[in-house]
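One structure is given below, encoded as structure tokens.
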Amino acid sequence: MFDNIPSTSVSDALEGKNHMSYEIKPLSDYHLSGPAFTVQIEAGENISVLEAMYKANPGDVLVIDGKGWTENAVAGDFILGLGKTLGLAGIVIDGVIRDIKGSIALDFPVFCKGTTTCASKKNTKGVINSPIVCGGVEVNPGDYIIGDVDGVVVVPQADADDVRVKTLEKLEKDEKRENSVGQDPAAARKYIEDFLSKVKSTISN
């Protein structure tokens, strides 16, 4: 539903809500969109990451509540490669990965807090496909995840149609504004004058 739609436009349609922490960024210039398949793990563990990959559908985005842990990698290039092979749309991790060069070479959308040298632990199972919090945002299975170089936003499944309409309307409005101002200094000044005039009554000196 949100293929090739900027995360910033979706955020505008959501009135600035449901954006994950700025710390969760893509490894490269990816655009990610798809329904969430959620995973909640204990810090540094990744048994249930593999279980979730096995049970998720092609096109799903694996969203992992890794508790923000940065000492152990949730995955390396091999596990991330399994996700790509199984047809996932991408992975969002509130945590870190390792094998950064190999992971980037996969050309597979991965969003995380960074990298570490230390491997994951495999002692405790987590919970899959249940409500989680990732990057400070509640994520339910089936919610839509949209990510790009600006960050990651979450669209509740029940609101997806309405948000998509509002997003497309915002994109059209922004395009018209850009075309009307363009590279014309006079038009740019006129736009700023009109804007300031509209908000003047609400600005305190």
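We label chains A, B, ... in the order they appear in the structure tokens, count residues from 1 in each chain, and number ligands from 1 in the order shown.
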Practice problem: Would you kindly return, as a list in words, each protein, DNA or RNA residue with an atom no farther than 9 Å from any atom of A:Glu45, considering only C-alpha atoms and excluding same-chain residues fewer than 6 positions away? | Solution: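 My list of contacting residues is Gly66, Asn72, Ala73, Val74, Ser120, Lys121, Lys122, Asn123, Thr124, Lys125 and Gly126 of chain A.
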Atoms kept (N, CA and C atoms) for selection, written as an mmCIF file, in the first residue's frame:
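Output (again-v6.cif):
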```
data_model
loop_
_atom_site.group_PDB
_atom_site.id
_atom_site.type_symbol
_atom_site.label_atom_id
_atom_site.label_comp_id
_atom_site.auth_asym_id
_atom_site.auth_seq_id
_atom_site.Cartn_x
_atom_site.Cartn_y
_atom_site.Cartn_z
ATOM 1 N N GLY A 66 14.275 -5.731 20.195
ATOM 2 C CA GLY A 66 15.507 -6.244 20.800
ATOM 3 C C GLY A 66 15.897 -5.509 22.062
ATOM 4 N N ASN A 72 25.164 -7.272 21.952
ATOM 5 C CA ASN A 72 25.147 -8.477 21.109
ATOM 6 C C ASN A 72 24.344 -8.204 19.858
ATOM 7 N N ALA A 73 24.810 -8.733 18.740
ATOM 8 C CA ALA A 73 24.091 -8.556 17.478
ATOM 9 C C ALA A 73 22.853 -9.455 17.450
ATOM 10 N N VAL A 74 21.752 -8.905 16.975
ATOM 11 C CA VAL A 74 20.556 -9.719 16.766
ATOM 12 C C VAL A 74 20.761 -10.662 15.586
ATOM 13 N N SER A 120 25.145 -12.999 18.690
ATOM 14 C CA SER A 120 23.951 -13.159 19.520
ATOM 15 C C SER A 120 24.106 -14.355 20.453
ATOM 16 N N LYS A 121 23.231 -14.370 21.477
ATOM 17 C CA LYS A 121 23.132 -15.521 22.369
ATOM 18 C C LYS A 121 21.961 -16.389 21.913
ATOM 19 N N LYS A 122 21.992 -17.644 22.280
ATOM 20 C CA LYS A 122 20.946 -18.586 21.876
ATOM 21 C C LYS A 122 20.547 -19.449 23.069
ATOM 22 N N ASN A 123 19.974 -18.788 24.065
ATOM 23 C CA ASN A 123 19.595 -19.475 25.298
ATOM 24 C C ASN A 123 18.107 -19.409 25.609
ATOM 25 N N THR A 124 17.426 -18.373 25.118
ATOM 26 C CA THR A 124 16.053 -18.111 25.533
ATOM 27 C C THR A 124 15.173 -17.799 24.324
ATOM 28 N N LYS A 125 14.017 -18.450 24.272
ATOM 29 C CA LYS A 125 13.066 -18.137 23.204
ATOM 30 C C LYS A 125 12.285 -16.880 23.557
ATOM 31 N N GLY A 126 11.860 -16.174 22.531
ATOM 32 C CA GLY A 126 11.029 -14.995 22.717
ATOM 33 C C GLY A 126 9.592 -15.283 22.322
#
```
Self-check item: Surrounding residues of stretch 10-18 of chain A excluding itself and chain neighbours under 2 positions, 10 Å, only C-alpha atoms, as a ChimeraX atom specification
Solution: /A:2,5-8,20-21,135-139,146-147,151-156,159,162-171
Quiz prompt | Contacts of stretch 103-109 of chain A within 6 Å, only C-alpha atoms, excl. fewer than 5 positions in-chain, as a count of residues only | solution = 3
Quiz item: Any idea what the distance is between atom CA of A:Gly102 and atom CA of A:Asn129?
Solution: 27.9 Å
Practice problem: Name the residues of stretch 88-204 of chain A that fall into strand (DSSP E) according to DSSP on the backbone, using the chain letters and numbers of this document, as a ChimeraX atom specification. | Solution: /A:90-93,96-97,110-112,114-115,127-128,132-134,137-139,144-148,151-155
Practice problem: Have a look at atom CA of A:Val39 and atom CA of A:Val63 and let me know their distance in Å, one decimal. | Solution: 6.1 Å
Exercise. Enumerate, as a ChimeraX atom specification, the complete set of residues in stretch 42-171 of chain A that a backbone-based DSSP assignment places in helix (DSSP H, G or I).
Key: /A:47-55,77-85,100-105,157-171
Self-check item: Long-range neighbours of stretch 50-62 of chain A as an NGL selection string, 10 Å cut-off, only C-alpha atoms, 3 positions minimum in chain
Solution: :A and (32-40 or 46-47 or 65 or 75 or 79-80 or 82-93 or 109-110 or 125-129 or 141-146)
Practice problem: Name the closest residue to A:Asp99 among the candidates A:Tyr22, A:Phe195, A:Phe111, A:Phe78; distances are taken between atoms, counting only C-alpha atoms. | Solution: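 So, comparing all the options, the nearest one is A:Phe78.
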